[in-house]
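As provided, query-v9.pdb (PDB, C-alpha atoms, pLDDT in the B column) reads as follows.
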ATOM      1  CA  MET A   1       0.000   0.000   0.000  1.00 96.00           C
ATOM      2  CA  ILE A   2       1.286   3.458  -0.807  1.00 98.00           C
ATOM      3  CA  ARG A   3       0.096   6.948   0.117  1.00 98.00           C
ATOM      4  CA  ILE A   4       1.224  10.414  -0.957  1.00 98.00           C
ATOM      5  CA  GLN A   5      -0.070  13.162   1.267  1.00 98.00           C
ATOM      6  CA  ARG A   6       0.537  16.646   2.577  1.00 98.00           C
ATOM      7  CA  GLU A   7      -0.502  15.777   6.150  1.00 98.00           C
ATOM      8  CA  ASP A   8       1.687  14.274   8.851  1.00 98.00           C
ATOM      9  CA  PHE A   9       1.339  10.597   9.834  1.00 98.00           C
ATOM     10  CA  ASP A  10       1.659   8.660  13.090  1.00 98.00           C
ATOM     11  CA  PRO A  11       4.235   5.861  12.543  1.00 98.00           C
ATOM     12  CA  GLY A  12       3.062   3.768  15.502  1.00 98.00           C
ATOM     13  CA  ARG A  13      -0.565   3.962  14.545  1.00 98.00           C
ATOM     14  CA  GLU A  14       0.186   3.131  10.894  1.00 98.00           C
ATOM     15  CA  ALA A  15       2.304   0.116  11.880  1.00 98.00           C
ATOM     16  CA  ASP A  16      -0.329  -1.143  14.335  1.00 97.00           C
ATOM     17  CA  ALA A  17      -3.097  -0.843  11.735  1.00 97.00           C
ATOM     18  CA  LEU A  18      -1.036  -2.816   9.243  1.00 96.00           C
ATOM     19  CA  VAL A  19      -0.665  -5.909  11.442  1.00 95.00           C
ATOM     20  CA  ARG A  20      -3.784  -5.758  13.608  1.00 96.00           C
ATOM     21  CA  GLY A  21      -5.439  -9.163  13.907  1.00 96.00           C
ATOM     22  CA  ARG A  22      -2.610 -10.933  12.080  1.00 95.00           C
ATOM     23  CA  THR A  23      -0.967 -13.974  13.670  1.00 96.00           C
ATOM     24  CA  ASP A  24       1.434 -14.899  10.867  1.00 95.00           C
ATOM     25  CA  ILE A  25       3.741 -11.892  11.215  1.00 97.00           C
ATOM     26  CA  GLY A  26       6.849 -12.260  13.358  1.00 97.00           C
ATOM     27  CA  ALA A  27       8.718  -9.145  12.260  1.00 98.00           C
ATOM     28  CA  LEU A  28       7.573  -5.567  11.815  1.00 98.00           C
ATOM     29  CA  VAL A  29      10.090  -2.953  10.666  1.00 98.00           C
ATOM     30  CA  THR A  30       9.207   0.744  10.739  1.00 98.00           C
ATOM     31  CA  PHE A  31      11.495   3.354   9.190  1.00 98.00           C
ATOM     32  CA  THR A  32      10.690   7.041   9.563  1.00 98.00           C
ATOM     33  CA  GLY A  33      12.649   9.645   7.617  1.00 97.00           C
ATOM     34  CA  LEU A  34      12.883  13.113   9.168  1.00 97.00           C
ATOM     35  CA  VAL A  35      13.741  16.480   7.662  1.00 96.00           C
ATOM     36  CA  ARG A  36      17.218  17.627   8.677  1.00 93.00           C
ATOM     37  CA  GLY A  37      18.252  21.270   8.645  1.00 91.00           C
ATOM     38  CA  GLU A  38      19.118  24.366  10.624  1.00 90.00           C
ATOM     39  CA  ALA A  39      16.556  25.964  12.875  1.00 90.00           C
ATOM     40  CA  GLY A  40      14.621  28.505  10.850  1.00 92.00           C
ATOM     41  CA  SER A  41      15.078  26.672   7.556  1.00 96.00           C
ATOM     42  CA  ALA A  42      12.318  24.906   5.640  1.00 97.00           C
ATOM     43  CA  ILE A  43      11.942  22.623   2.665  1.00 96.00           C
ATOM     44  CA  GLU A  44       9.290  22.584  -0.011  1.00 97.00           C
ATOM     45  CA  LEU A  45       8.741  19.187  -1.566  1.00 97.00           C
ATOM     46  CA  GLU A  46       7.482  19.283  -5.147  1.00 98.00           C
ATOM     47  CA  HIS A  47       6.238  16.116  -6.831  1.00 98.00           C
ATOM     48  CA  TYR A  48       4.745  14.722 -10.037  1.00 98.00           C
ATOM     49  CA  PRO A  49       1.562  13.201  -8.608  1.00 97.00           C
ATOM     50  CA  ALA A  50       0.555  10.639 -11.234  1.00 96.00           C
ATOM     51  CA  MET A  51       4.082   9.334 -11.726  1.00 98.00           C
ATOM     52  CA  ALA A  52       4.928   9.361  -8.018  1.00 98.00           C
ATOM     53  CA  GLU A  53       1.987   7.081  -7.367  1.00 98.00           C
ATOM     54  CA  LYS A  54       2.961   4.722 -10.187  1.00 97.00           C
ATOM     55  CA  GLU A  55       6.613   4.626  -9.146  1.00 97.00           C
ATOM     56  CA  LEU A  56       5.898   3.924  -5.490  1.00 98.00           C
ATOM     57  CA  GLU A  57       3.494   1.159  -6.517  1.00 98.00           C
ATOM     58  CA  ALA A  58       6.134  -0.334  -8.817  1.00 97.00           C
ATOM     59  CA  ILE A  59       8.767  -0.162  -6.064  1.00 97.00           C
ATOM     60  CA  GLU A  60       6.427  -1.886  -3.618  1.00 98.00           C
ATOM     61  CA  ALA A  61       5.621  -4.592  -6.204  1.00 98.00           C
ATOM     62  CA  GLU A  62       9.352  -5.163  -6.727  1.00 97.00           C
ATOM     63  CA  ALA A  63       9.936  -5.515  -2.963  1.00 98.00           C
ATOM     64  CA  ARG A  64       7.083  -8.021  -2.695  1.00 98.00           C
ATOM     65  CA  LYS A  65       8.563 -10.012  -5.552  1.00 98.00           C
ATOM     66  CA  ARG A  66      11.966 -10.186  -3.848  1.00 98.00           C
ATOM     67  CA  TRP A  67      10.918 -10.900  -0.257  1.00 98.00           C
ATOM     68  CA  PRO A  68       8.007 -12.768   1.374  1.00 98.00           C
ATOM     69  CA  LEU A  69       6.243  -9.702   2.794  1.00 98.00           C
ATOM     70  CA  GLU A  70       2.938 -10.126   4.586  1.00 97.00           C
ATOM     71  CA  ALA A  71       2.251  -6.388   4.606  1.00 97.00           C
ATOM     72  CA  CYS A  72       3.914  -3.242   3.344  1.00 98.00           C
ATOM     73  CA  LEU A  73       3.205   0.478   3.572  1.00 98.00           C
ATOM     74  CA  VAL A  74       4.997   3.497   2.107  1.00 98.00           C
ATOM     75  CA  ILE A  75       3.897   7.064   2.898  1.00 98.00           C
ATOM     76  CA  HIS A  76       5.630  10.048   1.290  1.00 98.00           C
ATOM     77  CA  ARG A  77       4.714  13.615   2.169  1.00 98.00           C
ATOM     78  CA  HIS A  78       4.855  16.682  -0.064  1.00 98.00           C
ATOM     79  CA  GLY A  79       4.517  20.420   0.469  1.00 98.00           C
ATOM     80  CA  ARG A  80       6.265  22.577   3.063  1.00 98.00           C
ATOM     81  CA  LEU A  81       8.154  20.761   5.838  1.00 97.00           C
ATOM     82  CA  LEU A  82      10.293  21.994   8.719  1.00 97.00           C
ATOM     83  CA  PRO A  83      13.422  20.406  10.243  1.00 96.00           C
ATOM     84  CA  GLY A  84      12.411  17.600  12.584  1.00 96.00           C
ATOM     85  CA  GLU A  85       9.187  16.856  10.754  1.00 97.00           C
ATOM     86  CA  ARG A  86       8.435  13.407   9.370  1.00 98.00           C
ATOM     87  CA  ILE A  87       8.798  13.164   5.585  1.00 97.00           C
ATOM     88  CA  VAL A  88       8.644   9.453   4.706  1.00 98.00           C
ATOM     89  CA  LEU A  89       7.462   6.217   6.297  1.00 98.00           C
ATOM     90  CA  VAL A  90       8.285   2.663   5.271  1.00 98.00           C
ATOM     91  CA  VAL A  91       6.698  -0.244   7.135  1.00 98.00           C
ATOM     92  CA  THR A  92       7.407  -3.862   6.236  1.00 98.00           C
ATOM     93  CA  ALA A  93       6.017  -6.975   7.884  1.00 98.00           C
ATOM     94  CA  SER A  94       7.079 -10.551   7.378  1.00 98.00           C
ATOM     95  CA  ALA A  95       7.198 -13.895   9.159  1.00 97.00           C
ATOM     96  CA  HIS A  96      10.899 -13.370   9.879  1.00 96.00           C
ATOM     97  CA  ARG A  97      13.087 -10.320  10.409  1.00 97.00           C
ATOM     98  CA  GLU A  98      15.562 -10.819   7.541  1.00 98.00           C
ATOM     99  CA  ALA A  99      12.948 -10.118   4.869  1.00 98.00           C
ATOM    100  CA  ALA A 100      11.405  -7.189   6.781  1.00 98.00           C
ATOM    101  CA  PHE A 101      14.779  -5.444   7.344  1.00 98.00           C
ATOM    102  CA  ALA A 102      16.044  -6.019   3.809  1.00 98.00           C
ATOM    103  CA  ALA A 103      12.795  -4.947   2.137  1.00 98.00           C
ATOM    104  CA  ALA A 104      12.596  -1.742   4.198  1.00 98.00           C
ATOM    105  CA  GLU A 105      16.131  -0.777   3.206  1.00 97.00           C
ATOM    106  CA  PHE A 106      15.476  -1.660  -0.439  1.00 97.00           C
ATOM    107  CA  LEU A 107      12.297   0.445  -0.495  1.00 98.00           C
ATOM    108  CA  MET A 108      14.110   3.495   0.892  1.00 96.00           C
ATOM    109  CA  ASP A 109      17.073   3.135  -1.479  1.00 95.00           C
ATOM    110  CA  TYR A 110      14.819   2.735  -4.487  1.00 94.00           C
ATOM    111  CA  LEU A 111      12.339   5.465  -3.721  1.00 95.00           C
ATOM    112  CA  LYS A 112      15.149   7.982  -3.219  1.00 94.00           C
ATOM    113  CA  THR A 113      16.479   7.411  -6.729  1.00 94.00           C
ATOM    114  CA  ARG A 114      13.220   6.724  -8.613  1.00 95.00           C
ATOM    115  CA  ALA A 115      10.211   8.467  -7.056  1.00 97.00           C
ATOM    116  CA  PRO A 116       9.647  11.912  -8.636  1.00 98.00           C
ATOM    117  CA  PHE A 117       9.987  14.265  -5.658  1.00 98.00           C
ATOM    118  CA  TRP A 118      12.256  17.323  -5.494  1.00 97.00           C
ATOM    119  CA  LYS A 119      13.345  19.264  -2.422  1.00 96.00           C
ATOM    120  CA  ARG A 120      13.850  23.009  -2.389  1.00 97.00           C
ATOM    121  CA  GLU A 121      15.530  24.241   0.775  1.00 95.00           C
ATOM    122  CA  THR A 122      15.184  27.741   2.151  1.00 95.00           C
ATOM    123  CA  THR A 123      17.739  28.942   4.714  1.00 94.00           C
ATOM    124  CA  GLN A 124      19.010  32.375   5.765  1.00 92.00           C
ATOM    125  CA  ALA A 125      21.440  32.160   2.830  1.00 91.00           C
ATOM    126  CA  GLY A 126      18.623  31.811   0.289  1.00 94.00           C
ATOM    127  CA  THR A 127      16.716  29.136  -1.568  1.00 95.00           C
ATOM    128  CA  ILE A 128      18.329  26.237  -3.411  1.00 95.00           C
ATOM    129  CA  TRP A 129      17.202  23.015  -5.058  1.00 96.00           C
ATOM    130  CA  VAL A 130      18.740  20.119  -3.156  1.00 93.00           C
ATOM    131  CA  GLU A 131      21.098  18.166  -5.405  1.00 91.00           C
ATOM    132  CA  ALA A 132      20.885  14.408  -5.851  1.00 89.00           C
ATOM    133  CA  LYS A 133      23.730  12.483  -4.241  1.00 83.00           C
ATOM    134  CA  SER A 134      25.673   9.836  -6.100  1.00 79.00           C
ATOM    135  CA  LYS A 135      25.815   7.766  -2.918  1.00 80.00           C
ATOM    136  CA  ASP A 136      22.042   7.362  -3.225  1.00 81.00           C
ATOM    137  CA  ASP A 137      22.520   5.935  -6.717  1.00 82.00           C
ATOM    138  CA  ASP A 138      25.243   3.651  -5.346  1.00 83.00           C
ATOM    139  CA  ALA A 139      22.907   2.491  -2.577  1.00 83.00           C
ATOM    140  CA  ALA A 140      20.173   1.661  -5.095  1.00 85.00           C
ATOM    141  CA  GLU A 141      22.690   0.073  -7.471  1.00 84.00           C
ATOM    142  CA  ARG A 142      23.738  -2.617  -4.998  1.00 85.00           C
ATOM    143  CA  TRP A 143      20.276  -4.248  -5.221  1.00 82.00           C
ATOM    144  CA  LYS A 144      20.724  -4.936  -8.916  1.00 82.00           C
ATOM    145  CA  GLY A 145      21.842  -8.220 -10.435  1.00 66.00           C
TER
ATOM    146  CA  MET B   1       2.386  16.205 -26.974  1.00 97.00           C
ATOM    147  CA  THR B   2       1.932  17.334 -23.401  1.00 98.00           C
ATOM    148  CA  LEU B   3       5.170  18.507 -21.775  1.00 98.00           C
ATOM    149  CA  LEU B   4       5.490  18.800 -18.005  1.00 98.00           C
ATOM    150  CA  TYR B   5       8.383  20.517 -16.243  1.00 98.00           C
ATOM    151  CA  PHE B   6       9.395  20.150 -12.604  1.00 98.00           C
ATOM    152  CA  ALA B   7      11.743  21.772 -10.061  1.00 98.00           C
ATOM    153  CA  TRP B   8      14.486  23.990 -11.591  1.00 97.00           C
ATOM    154  CA  VAL B   9      13.630  22.833 -15.103  1.00 97.00           C
ATOM    155  CA  ARG B  10      10.177  24.360 -14.550  1.00 97.00           C
ATOM    156  CA  GLU B  11      11.672  27.562 -13.135  1.00 97.00           C
ATOM    157  CA  ARG B  12      14.174  28.053 -15.959  1.00 96.00           C
ATOM    158  CA  ILE B  13      11.655  27.399 -18.718  1.00 97.00           C
ATOM    159  CA  GLY B  14       9.060  29.498 -16.916  1.00 96.00           C
ATOM    160  CA  LEU B  15       6.197  27.041 -17.465  1.00 96.00           C
ATOM    161  CA  ASP B  16       4.929  23.982 -15.635  1.00 97.00           C
ATOM    162  CA  GLU B  17       3.050  22.534 -18.600  1.00 98.00           C
ATOM    163  CA  GLU B  18       2.544  23.110 -22.323  1.00 97.00           C
ATOM    164  CA  ARG B  19       1.138  21.404 -25.381  1.00 97.00           C
ATOM    165  CA  VAL B  20       3.287  21.215 -28.488  1.00 97.00           C
ATOM    166  CA  ALA B  21       2.949  19.702 -31.953  1.00 96.00           C
ATOM    167  CA  LEU B  22       5.906  17.382 -32.297  1.00 95.00           C
ATOM    168  CA  PRO B  23       7.956  17.937 -35.500  1.00 96.00           C
ATOM    169  CA  ALA B  24       8.073  14.814 -37.646  1.00 95.00           C
ATOM    170  CA  HIS B  25      11.855  14.476 -37.326  1.00 96.00           C
ATOM    171  CA  VAL B  26      11.700  14.133 -33.513  1.00 97.00           C
ATOM    172  CA  ARG B  27      11.490  10.437 -32.752  1.00 97.00           C
ATOM    173  CA  ASP B  28      13.230   9.802 -29.461  1.00 97.00           C
ATOM    174  CA  VAL B  29      13.995  11.361 -26.077  1.00 97.00           C
ATOM    175  CA  LYS B  30      17.377  12.782 -27.096  1.00 96.00           C
ATOM    176  CA  GLY B  31      15.864  14.241 -30.265  1.00 97.00           C
ATOM    177  CA  LEU B  32      13.135  15.861 -28.187  1.00 97.00           C
ATOM    178  CA  LEU B  33      15.711  17.450 -25.858  1.00 97.00           C
ATOM    179  CA  ALA B  34      17.693  18.793 -28.833  1.00 96.00           C
ATOM    180  CA  TRP B  35      14.560  20.267 -30.417  1.00 97.00           C
ATOM    181  CA  LEU B  36      13.404  21.852 -27.148  1.00 97.00           C
ATOM    182  CA  ARG B  37      16.840  23.425 -26.597  1.00 96.00           C
ATOM    183  CA  SER B  38      16.430  25.231 -29.908  1.00 95.00           C
ATOM    184  CA  ARG B  39      13.173  26.875 -28.801  1.00 94.00           C
ATOM    185  CA  GLY B  40      14.654  29.753 -26.817  1.00 90.00           C
ATOM    186  CA  ASN B  41      16.835  30.969 -23.994  1.00 87.00           C
ATOM    187  CA  GLY B  42      14.865  29.459 -21.122  1.00 93.00           C
ATOM    188  CA  TYR B  43      14.915  26.044 -22.788  1.00 96.00           C
ATOM    189  CA  ALA B  44      18.627  26.265 -23.567  1.00 95.00           C
ATOM    190  CA  LEU B  45      19.330  27.283 -19.964  1.00 94.00           C
ATOM    191  CA  ALA B  46      17.144  24.514 -18.517  1.00 95.00           C
ATOM    192  CA  LEU B  47      18.232  21.718 -20.841  1.00 95.00           C
ATOM    193  CA  GLY B  48      21.806  22.744 -21.702  1.00 92.00           C
ATOM    194  CA  LYS B  49      23.319  19.864 -19.759  1.00 90.00           C
ATOM    195  CA  PRO B  50      21.457  16.723 -20.874  1.00 87.00           C
ATOM    196  CA  ALA B  51      23.263  14.643 -18.224  1.00 89.00           C
ATOM    197  CA  ALA B  52      21.459  16.657 -15.531  1.00 93.00           C
ATOM    198  CA  ILE B  53      18.018  16.039 -17.057  1.00 96.00           C
ATOM    199  CA  ARG B  54      15.773  13.074 -16.392  1.00 97.00           C
ATOM    200  CA  VAL B  55      12.849  12.274 -18.668  1.00 98.00           C
ATOM    201  CA  ALA B  56       9.656  10.312 -18.099  1.00 98.00           C
ATOM    202  CA  VAL B  57       7.427   9.218 -20.992  1.00 98.00           C
ATOM    203  CA  ASN B  58       3.842   8.527 -19.954  1.00 98.00           C
ATOM    204  CA  GLN B  59       4.950   8.583 -16.305  1.00 98.00           C
ATOM    205  CA  GLU B  60       7.728   6.027 -16.678  1.00 97.00           C
ATOM    206  CA  HIS B  61      11.473   6.693 -16.530  1.00 97.00           C
ATOM    207  CA  ALA B  62      12.864   6.888 -20.067  1.00 97.00           C
ATOM    208  CA  LYS B  63      16.319   6.646 -21.650  1.00 96.00           C
ATOM    209  CA  PRO B  64      17.784   8.851 -24.441  1.00 96.00           C
ATOM    210  CA  ASP B  65      16.985   6.321 -27.158  1.00 97.00           C
ATOM    211  CA  ASP B  66      13.405   5.614 -26.059  1.00 98.00           C
ATOM    212  CA  PRO B  67      10.770   6.640 -28.624  1.00 98.00           C
ATOM    213  CA  VAL B  68       8.404   9.599 -28.207  1.00 98.00           C
ATOM    214  CA  ARG B  69       5.125  10.145 -30.052  1.00 97.00           C
ATOM    215  CA  ASP B  70       2.829  13.098 -30.429  1.00 95.00           C
ATOM    216  CA  ASN B  71       0.177  11.782 -28.025  1.00 96.00           C
ATOM    217  CA  ASP B  72       2.653  11.106 -25.190  1.00 98.00           C
ATOM    218  CA  GLU B  73       2.886  12.904 -21.865  1.00 98.00           C
ATOM    219  CA  VAL B  74       6.568  13.714 -21.420  1.00 98.00           C
ATOM    220  CA  ALA B  75       8.014  15.123 -18.204  1.00 98.00           C
ATOM    221  CA  LEU B  76      11.441  16.733 -17.858  1.00 98.00           C
ATOM    222  CA  PHE B  77      13.073  17.193 -14.481  1.00 98.00           C
ATOM    223  CA  PRO B  78      16.345  17.086 -12.492  1.00 97.00           C
ATOM    224  CA  PRO B  79      17.471  13.915 -10.682  1.00 96.00           C
ATOM    225  CA  VAL B  80      14.958  13.190  -7.924  1.00 96.00           C
ATOM    226  CA  THR B  81      15.658  14.090  -4.280  1.00 95.00           C
ATOM    227  CA  GLY B  82      12.813  12.594  -2.254  1.00 91.00           C
ATOM    228  CA  GLY B  83      13.004  10.460   0.860  1.00 87.00           C
ATOM    229  CA  ALA B  84      15.228  11.328   3.805  1.00 78.00           C
ATOM    230  CA  ARG B  85      18.884  12.299   3.374  1.00 67.00           C
TER
END
Show the structure stored in the file as structure tokens.
Amino acid sequence: MIRIQREDFDPGREADALVRGRTDIGALVTFTGLVRGEAGSAIELEHYPAMAEKELEAIEAEARKRWPLEACLVIHRHGRLLPGERIVLVVTASAHREAAFAAAEFLMDYLKTRAPFWKRETTQAGTIWVEAKSKDDDAAERWKG
Amino acid sequence: MTLLYFAWVRERIGLDEERVALPAHVRDVKGLLAWLRSRGNGYALALGKPAAIRVAVNQEHAKPDDPVRDNDEVALFPPVTGGAR
């Protein structure tokens, strides 16, 4: 399941809802990404709605193909966010922890290099578009082959 | 063709969306970029470094040699920077 939204989310509540009533899940991994930055700065997250939805769905489908996931949730926010605010949530659930850990890391690596979102950061020095990092590409690359 | 622009590509071109009639000689993504660059200063500034531009055709990541057709939705944007750093 994927969601793209402007509003904040509650990681604990989302994770609970995903596994409520299930007795076949032994491992639940929750990753929350936060906005980093100086006090007083802000980021504006632009996205391409139709493609972002398709890409996140494709990334989730790929994770499910690679690991035996019982449940999976990705939430990505857009709009204006302040340092310390939650920006992305990945929840994976599986019978055993290996699949849940690996799939969560895979989902984060892939969404960072494929999902069409762009950050513009405003600080006292001005406003800049955040540049992509090659280490993100490297992180996504290691899942290939 | 519907063209969509995002982030600094959008800012440099000065538009977020436009409809264009694709010239017959433009058949692939790299041809489209070359043609757009010839359309004026904003386009040349935005698309001058093809290595910094990513393209999606009908909402899927595309490569320079992928085909484009007049009824496609094509988006041009910088490398993506979502997620958490």
Compile the contact shell of Ala132 of chain A as number ranges by chain: residues with an atom at most 10 Å away, counting only C-alpha atoms, same-chain residues fewer than 5 positions apart removed.
-> A: 112-113, 118-119, 137; B: 52, 78-82, 85
Each chain A residue no farther than 9 Å from chain B, nearest pair in Å, all atoms listed in the file, as a tab-separated table:
residue	atom	partner	partner_atom	distance
A:Thr32	CA	B:Ala84	CA	8.5
A:Gly33	CA	B:Ala84	CA	4.9
A:Leu34	CA	B:Ala84	CA	6.1
A:Val35	CA	B:Ala84	CA	6.6
A:Arg36	CA	B:Arg85	CA	7.7
A:Leu45	CA	B:Gly82	CA	7.8
A:Glu46	CA	B:Ala7	CA	7.0
A:His47	CA	B:Phe6	CA	7.7
A:Tyr48	CA	B:Phe6	CA	7.6
A:Ala50	CA	B:Gln59	CA	7.0
A:Met51	CA	B:Gln59	CA	4.7
A:Ala52	CA	B:Gln59	CA	8.3
A:Lys54	CA	B:Gln59	CA	7.5
A:Glu55	CA	B:Glu60	CA	7.7
A:His76	CA	B:Gly83	CA	7.4
A:Arg77	CA	B:Gly83	CA	9.0
A:Ile87	CA	B:Gly83	CA	6.9
A:Val88	CA	B:Gly83	CA	5.9
A:Leu89	CA	B:Gly83	CA	8.8
A:Met108	CA	B:Gly83	CA	7.1
A:Asp109	CA	B:Gly83	CA	8.7
A:Leu111	CA	B:Gly83	CA	6.8
A:Lys112	CA	B:Gly83	CA	5.2
A:Thr113	CA	B:Val80	CA	6.1
A:Arg114	CA	B:Val80	CA	6.7
A:Ala115	CA	B:Val80	CA	6.8
A:Pro116	CA	B:Val80	CA	5.5
A:Phe117	CA	B:Gly82	CA	4.7
A:Trp118	CA	B:Thr81	CA	4.8
A:Lys119	CA	B:Thr81	CA	6.0
A:Arg120	CA	B:Ala7	CA	8.1
A:Trp129	CA	B:Trp8	CA	7.1
A:Val130	CA	B:Thr81	CA	6.9
A:Glu131	CA	B:Thr81	CA	6.9
A:Ala132	CA	B:Thr81	CA	5.5
A:Lys133	CA	B:Thr81	CA	8.2
A:Asp136	CA	B:Arg85	CA	8.8
Atom CA of Val90 of chain A to atom CA of Val74 of chain A: how many Å, to one decimal?
-> 4.6 Å
Could you check how far atom CA of Val19 of chain A sits from atom CA of Trp67 of chain A, in Å to one decimal?
-> 17.2 Å
Excluding Arg37 of chain B and any residue of its chain fewer than 2 positions from it, enumerate the residues within 12 Å of it, using all atoms listed in the file, and give them as a ChimeraX atom specification.
-> /B:9,12-13,30-35,39-50
To one decimal place, how far is atom CA of Gln124 of chain A from atom CA of Pro49 of chain A in Å?
->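 That distance, rounded to one decimal, is 29.6 Å.
The residues caught by the PyMOL selection byres ((chain B and resi 25) around 12) in this file are Ala21, Leu22, Pro23, Ala24, Val26, Arg27, Asp28, Val29, Lys30, Gly31, Leu32, Ala34, Trp35, Pro67, Val68, Arg69 and Asp70 of chain B.
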So that I have them on file, write out the residues from the current selection with C-alpha atoms, as a PDB file, in the frame of the given file.
ATOM      1  CA  ALA B  21       2.949  19.702 -31.953  1.00 96.00           C
ATOM      2  CA  LEU B  22       5.906  17.382 -32.297  1.00 95.00           C
ATOM      3  CA  PRO B  23       7.956  17.937 -35.500  1.00 96.00           C
ATOM      4  CA  ALA B  24       8.073  14.814 -37.646  1.00 95.00           C
ATOM      5  CA  VAL B  26      11.700  14.133 -33.513  1.00 97.00           C
ATOM      6  CA  ARG B  27      11.490  10.437 -32.752  1.00 97.00           C
ATOM      7  CA  ASP B  28      13.230   9.802 -29.461  1.00 97.00           C
ATOM      8  CA  VAL B  29      13.995  11.361 -26.077  1.00 97.00           C
ATOM      9  CA  LYS B  30      17.377  12.782 -27.096  1.00 96.00           C
ATOM     10  CA  GLY B  31      15.864  14.241 -30.265  1.00 97.00           C
ATOM     11  CA  LEU B  32      13.135  15.861 -28.187  1.00 97.00           C
ATOM     12  CA  ALA B  34      17.693  18.793 -28.833  1.00 96.00           C
ATOM     13  CA  TRP B  35      14.560  20.267 -30.417  1.00 97.00           C
ATOM     14  CA  PRO B  67      10.770   6.640 -28.624  1.00 98.00           C
ATOM     15  CA  VAL B  68       8.404   9.599 -28.207  1.00 98.00           C
ATOM     16  CA  ARG B  69       5.125  10.145 -30.052  1.00 97.00           C
ATOM     17  CA  ASP B  70       2.829  13.098 -30.429  1.00 95.00           C
TER      18      ASP B  70
END
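Matched in the shown structure by the PyMOL selection byres ((chain A and resi 94) around 8): A:Asp24, A:Ile25, A:Gly26, A:Ala27, A:Leu28, A:Pro68, A:Leu69, A:Glu70, A:Ala71, A:Thr92, A:Ala93, A:Ala95, A:His96, A:Arg97, A:Ala99, A:Ala100.
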For the file shown, report as a PyMOL selection string the outcome of the PyMOL selection byres ((chain A and resi 61) around 12) at residue level.
-> chain A and resi 1-2+54-60+62-69+71-74+103+106-107+110
Between A:Val29, A:Ile75, A:Ala17, A:Ile4, single out the one closest to Phe101 of chain A, counting all atoms listed in the file.
->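 Residue with the minimum atom-to-atom distance to Phe101 of chain A: A:Val29.
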Would you save segment 79-91 of chain A from the block above with N, CA and C atoms, as a PDB file, in the first residue's frame?
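Printed below is selection_32.pdb as written:
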ATOM      1  N   GLY A  79       4.856  19.103  -0.069  1.00  0.00           N
ATOM      2  CA  GLY A  79       4.517  20.420   0.469  1.00  0.00           C
ATOM      3  C   GLY A  79       5.623  20.955   1.368  1.00  0.00           C
ATOM      4  N   ARG A  80       5.272  21.904   2.231  1.00  0.00           N
ATOM      5  CA  ARG A  80       6.265  22.577   3.063  1.00  0.00           C
ATOM      6  C   ARG A  80       6.511  21.795   4.354  1.00  0.00           C
ATOM      7  N   LEU A  81       7.788  21.523   4.640  1.00  0.00           N
ATOM      8  CA  LEU A  81       8.154  20.761   5.838  1.00  0.00           C
ATOM      9  C   LEU A  81       9.292  21.463   6.574  1.00  0.00           C
ATOM     10  N   LEU A  82       9.277  21.352   7.880  1.00  0.00           N
ATOM     11  CA  LEU A  82      10.293  21.994   8.719  1.00  0.00           C
ATOM     12  C   LEU A  82      11.242  20.943   9.284  1.00  0.00           C
ATOM     13  N   PRO A  83      12.481  21.353   9.639  1.00  0.00           N
ATOM     14  CA  PRO A  83      13.422  20.406  10.243  1.00  0.00           C
ATOM     15  C   PRO A  83      12.786  19.693  11.441  1.00  0.00           C
ATOM     16  N   GLY A  84      12.992  18.388  11.506  1.00  0.00           N
ATOM     17  CA  GLY A  84      12.411  17.600  12.584  1.00  0.00           C
ATOM     18  C   GLY A  84      11.092  16.958  12.215  1.00  0.00           C
ATOM     19  N   GLU A  85      10.471  17.445  11.150  1.00  0.00           N
ATOM     20  CA  GLU A  85       9.187  16.856  10.754  1.00  0.00           C
ATOM     21  C   GLU A  85       9.400  15.543  10.009  1.00  0.00           C
ATOM     22  N   ARG A  86       8.398  14.681  10.093  1.00  0.00           N
ATOM     23  CA  ARG A  86       8.435  13.407   9.370  1.00  0.00           C
ATOM     24  C   ARG A  86       8.184  13.654   7.886  1.00  0.00           C
ATOM     25  N   ILE A  87       8.969  12.978   7.032  1.00  0.00           N
ATOM     26  CA  ILE A  87       8.798  13.164   5.585  1.00  0.00           C
ATOM     27  C   ILE A  87       8.401  11.860   4.890  1.00  0.00           C
ATOM     28  N   VAL A  88       8.926  10.717   5.384  1.00  0.00           N
ATOM     29  CA  VAL A  88       8.644   9.453   4.706  1.00  0.00           C
ATOM     30  C   VAL A  88       8.524   8.330   5.732  1.00  0.00           C
ATOM     31  N   LEU A  89       7.648   7.383   5.428  1.00  0.00           N
ATOM     32  CA  LEU A  89       7.462   6.217   6.297  1.00  0.00           C
ATOM     33  C   LEU A  89       7.506   4.954   5.439  1.00  0.00           C
ATOM     34  N   VAL A  90       8.285   3.984   5.903  1.00  0.00           N
ATOM     35  CA  VAL A  90       8.285   2.663   5.271  1.00  0.00           C
ATOM     36  C   VAL A  90       8.018   1.640   6.366  1.00  0.00           C
ATOM     37  N   VAL A  91       6.994   0.826   6.184  1.00  0.00           N
ATOM     38  CA  VAL A  91       6.698  -0.244   7.135  1.00  0.00           C
ATOM     39  C   VAL A  91       6.675  -1.561   6.369  1.00  0.00           C
TER      40      VAL A  91
END
